[in-house]
Amino acid sequence: MSVPTMRRRFRRSYLNPATILTVAAMTVLSLMMAFPFIWMLSASLKTPATVFKLPPELWPYEWRIANYREVLFHPTVPLPKFFLNSLKIATLVTMGQLVTCTLAAYAFARLRFPGRNALFVLMLTSLMVPVQITIIPTYILMGKLGLVDTHAALIIPSLVSIFGVFLLRQIFMTIPDELEDAARIDGAGPVRILWQIMAPLAGPGLSTLAIITFNGVWNSFFTPLIFINSWDKMTWPLGIAVLRGQYGETSVSVQMAAISIAVIPTAIVFVVGQRYIIGGITFTGIKA
C-alpha cells in the first residue's frame, strides 16, 4: 500500500463523524472530571476573599504563594511531620503487601494442596466484611500487644490484602503453564520460578496493586483516627482535619493548599506505576 493511500485512509478515519463525536464527548467528560482539581489548585493560590467568587475564577489575579508557606510552617500544626508519617506508613504497607500478596497468590494459583479452593473461597468472603466491624477486635489485639498509639498498629494489620491476593492470583493463572514447565526442566524450584518468571510477567498487576494500596493507605482517615493519639504520630489526613476543625481561623485557601500537597505523592506513584503497567503489557512473554 502506498504512503498517500495510507494517509488518505488515516485522515478519513479521523474525520469520521462517530470518531469526532466520541472525541468531543470524552473531552467534555475529561474537563468535567478535571474541574474540581483545577479549582482546588486555583483556590490554593487565591486570597480568602476571592475563593468563592461567582462566577468562579480559575486563573487567580493575585497569586498567593504564602498559602503553601503557611501549610509547611504552620505555627501550631506540624504538617511536614504528618506528611513524613503518612509517607512512611504508606510505603511500608505497600512494600509489605507486594511481598505477602505475591507469595499467597502464587500458592493459590500454582501450588497444589488439599482444600486450596475452599480456603480461597473462605478468604474471599472476608471482602464482604467492612473494616468498621473488625476495628474493635483489631484495637483490642493491638492493645494486648502494646501497639496502640504507634505506627505499627497501622502497618501490621495492613500487610496482607485479600483483594491483592485475589488480583495477583487471577493474573498468575493467565500465565502459560509452558513457561513454568520449561523452568522446572531447567532445574528451577518454586521460589526461583516465582521471582524470576512469574513476578516479572505479573508486573502490570503488581503495579496496579501498588497504586491502589499506596493511595488507600495515604488517604486513610478512619484507622489512624482510632489508633493514633499522640500529636507527633498523626498522619497527613488527620493533620488536614485538625487544620480545618480545631483551628477554624485557617482560611479555605490554606486548606486547599494542604490538600494540593496531599495529591503529589499519589500522583507520583500513579505516573511511575503506569509506566510499569504499560511496559509489562508490552513485553509480556519476552522476559521469560
# chains A, B, ... in the order shown; residues from 1 in each chain; ligands from 1

call {"tool": "residues_around", "arguments": {"residues": "Val93 of chain A", "least_positions_apart": "2", "cutoff": "8 Å", "atoms": "only C-alpha atoms", "output": "number ranges by chain"}}
result
A: 89-91, 95-97, 155-156, 158-159, 213-214, 217

call {"tool": "write_last_selection", "arguments": {"atoms": "C-alpha atoms", "output": "PDB file, in the first residue's frame"}}
result
ATOM      1  CA  ILE A  89       3.297   4.125  56.650  1.00  0.00           C
ATOM      2  CA  ALA A  90       2.076   4.059  53.043  1.00  0.00           C
ATOM      3  CA  THR A  91       5.470   2.955  51.714  1.00  0.00           C
ATOM      4  CA  MET A  95       6.003  -2.974  50.038  1.00  0.00           C
ATOM      5  CA  GLY A  96       4.656  -5.486  52.542  1.00  0.00           C
ATOM      6  CA  GLN A  97       1.530  -6.189  50.528  1.00  0.00           C
ATOM      7  CA  ILE A 155       1.202  -1.115  59.395  1.00  0.00           C
ATOM      8  CA  ILE A 156       0.973  -4.689  60.726  1.00  0.00           C
ATOM      9  CA  SER A 158      -2.460  -3.929  56.621  1.00  0.00           C
ATOM     10  CA  LEU A 159       0.478  -6.044  55.459  1.00  0.00           C
ATOM     11  CA  THR A 213      -2.573   0.221  48.149  1.00  0.00           C
ATOM     12  CA  PHE A 214      -0.498   3.394  48.393  1.00  0.00           C
ATOM     13  CA  VAL A 217      -3.237   3.990  52.909  1.00  0.00           C
TER      14      VAL A 217
END

call {"tool": "select_by_dssp", "arguments": {"residues": "segment 19-134 of chain A", "states": "helix (DSSP H, G or I)", "output": "MDAnalysis selection string"}}
result
chainID A and resid 19:44 48:50 66:72 79:110 116:128 131:134

call {"tool": "closest_residue", "arguments": {"among": "A:Met256, A:Ala18, A:Leu45, A:Ile65", "to": "Ile240 of chain A", "atoms": "only C-alpha atoms"}}
result
A:Met256

call {"tool": "closest_residue", "arguments": {"among": "A:Thr134, A:Thr266, A:Ser260, A:Gln170", "to": "Thr223 of chain A", "atoms": "only C-alpha atoms"}}
result
A:Thr134

call {"tool": "atom_distance", "arguments": {"atom1": "atom CA of Tyr139 of chain A", "atom2": "atom CA of Ala153 of chain A"}}
result
8.3 Å

call {"tool": "residues_around", "arguments": {"residues": "Val252 of chain A", "least_positions_apart": "5", "cutoff": "10 Å", "atoms": "only C-alpha atoms", "output": "ChimeraX atom specification"}}
result
/A:43-44,46-49,51-52,67,244,257-258

call {"tool": "write_last_selection", "arguments": {"atoms": "C-alpha atoms", "output": "short mmCIF file (atom, residue, chain, number, x, y, z; two decimals), in the first residue's frame"}}
result
data_model
loop_
_atom_site.label_atom_id
_atom_site.label_comp_id
_atom_site.auth_asym_id
_atom_site.auth_seq_id
_atom_site.Cartn_x
_atom_site.Cartn_y
_atom_site.Cartn_z
CA ALA A 43 -8.14 28.20 45.22
CA SER A 44 -4.84 27.29 46.87
CA LYS A 46 -6.01 32.82 45.88
CA THR A 47 -6.77 35.18 48.70
CA PRO A 48 -9.59 34.04 51.02
CA ALA A 49 -11.89 36.80 49.74
CA VAL A 51 -12.09 31.79 46.67
CA PHE A 52 -15.91 31.63 46.41
CA ASN A 67 -0.73 29.80 51.49
CA ARG A 244 -9.72 22.75 59.32
CA ALA A 257 -3.01 24.26 49.61
CA ALA A 258 -2.70 21.40 52.11
#

call {"tool": "atom_distance", "arguments": {"atom1": "atom CA of Ile197 of chain A", "atom2": "atom CA of Pro114 of chain A"}}
result
25.2 Å

call {"tool": "closest_residue", "arguments": {"among": "A:Arg110, A:Lys144, A:Arg275, A:Lys53", "to": "Met198 of chain A", "atoms": "only C-alpha atoms"}}
result
A:Arg110

call {"tool": "atom_distance", "arguments": {"atom1": "atom CA of Thr235 of chain A", "atom2": "atom CA of Asn85 of chain A"}}
result
5.6 Å

call {"tool": "residues_around", "arguments": {"residues": "Ser207 of chain A", "least_positions_apart": "3", "cutoff": "7 Å", "atoms": "only C-alpha atoms", "output": "list in words"}}
result
Gly203, Pro204, Ala210, Ile211, Gly273, Tyr276 and Ile277 of chain A

call {"tool": "write_last_selection", "arguments": {"atoms": "C-alpha atoms", "output": "short mmCIF file (atom, residue, chain, number, x, y, z; two decimals), in the first residue's frame"}}
result
data_model
loop_
_atom_site.label_atom_id
_atom_site.label_comp_id
_atom_site.auth_asym_id
_atom_site.auth_seq_id
_atom_site.Cartn_x
_atom_site.Cartn_y
_atom_site.Cartn_z
CA GLY A 203 4.32 -6.57 36.50
CA PRO A 204 1.07 -4.84 35.48
CA ALA A 210 0.96 -0.81 44.48
CA ILE A 211 -1.02 2.17 43.18
CA GLY A 273 3.32 2.69 38.23
CA TYR A 276 5.44 -0.34 34.55
CA ILE A 277 1.87 -1.29 33.65
#

call {"tool": "closest_residue", "arguments": {"among": "A:Gln196, A:Thr22, A:Asn215, A:Ser42", "to": "Ala262 of chain A", "atoms": "only C-alpha atoms"}}
result
A:Asn215

call {"tool": "closest_residue", "arguments": {"among": "A:Ala104, A:Val271, A:Ile140, A:Ala152", "to": "Phe172 of chain A", "atoms": "only C-alpha atoms"}}
result
A:Ala104

call {"tool": "residues_around", "arguments": {"residues": "segment 145-150 of chain A", "least_positions_apart": "4", "cutoff": "6 Å", "atoms": "only C-alpha atoms", "output": "list in words"}}
result
Phe227, Ile228 and Asn229 of chain A

call {"tool": "write_last_selection", "arguments": {"atoms": "N, CA and C atoms", "output": "PDB file, in the first residue's frame"}}
result
ATOM      1  N   PHE A 227      -6.442   4.639  66.148  1.00  0.00           N
ATOM      2  CA  PHE A 227      -5.240   4.105  66.798  1.00  0.00           C
ATOM      3  C   PHE A 227      -4.255   5.171  67.264  1.00  0.00           C
ATOM      4  N   ILE A 228      -4.247   6.328  66.659  1.00  0.00           N
ATOM      5  CA  ILE A 228      -3.223   7.325  66.956  1.00  0.00           C
ATOM      6  C   ILE A 228      -3.784   8.383  67.893  1.00  0.00           C
ATOM      7  N   ASN A 229      -3.043   8.630  68.983  1.00  0.00           N
ATOM      8  CA  ASN A 229      -3.421   9.645  69.956  1.00  0.00           C
ATOM      9  C   ASN A 229      -2.372  10.742  70.084  1.00  0.00           C
TER      10      ASN A 229
END
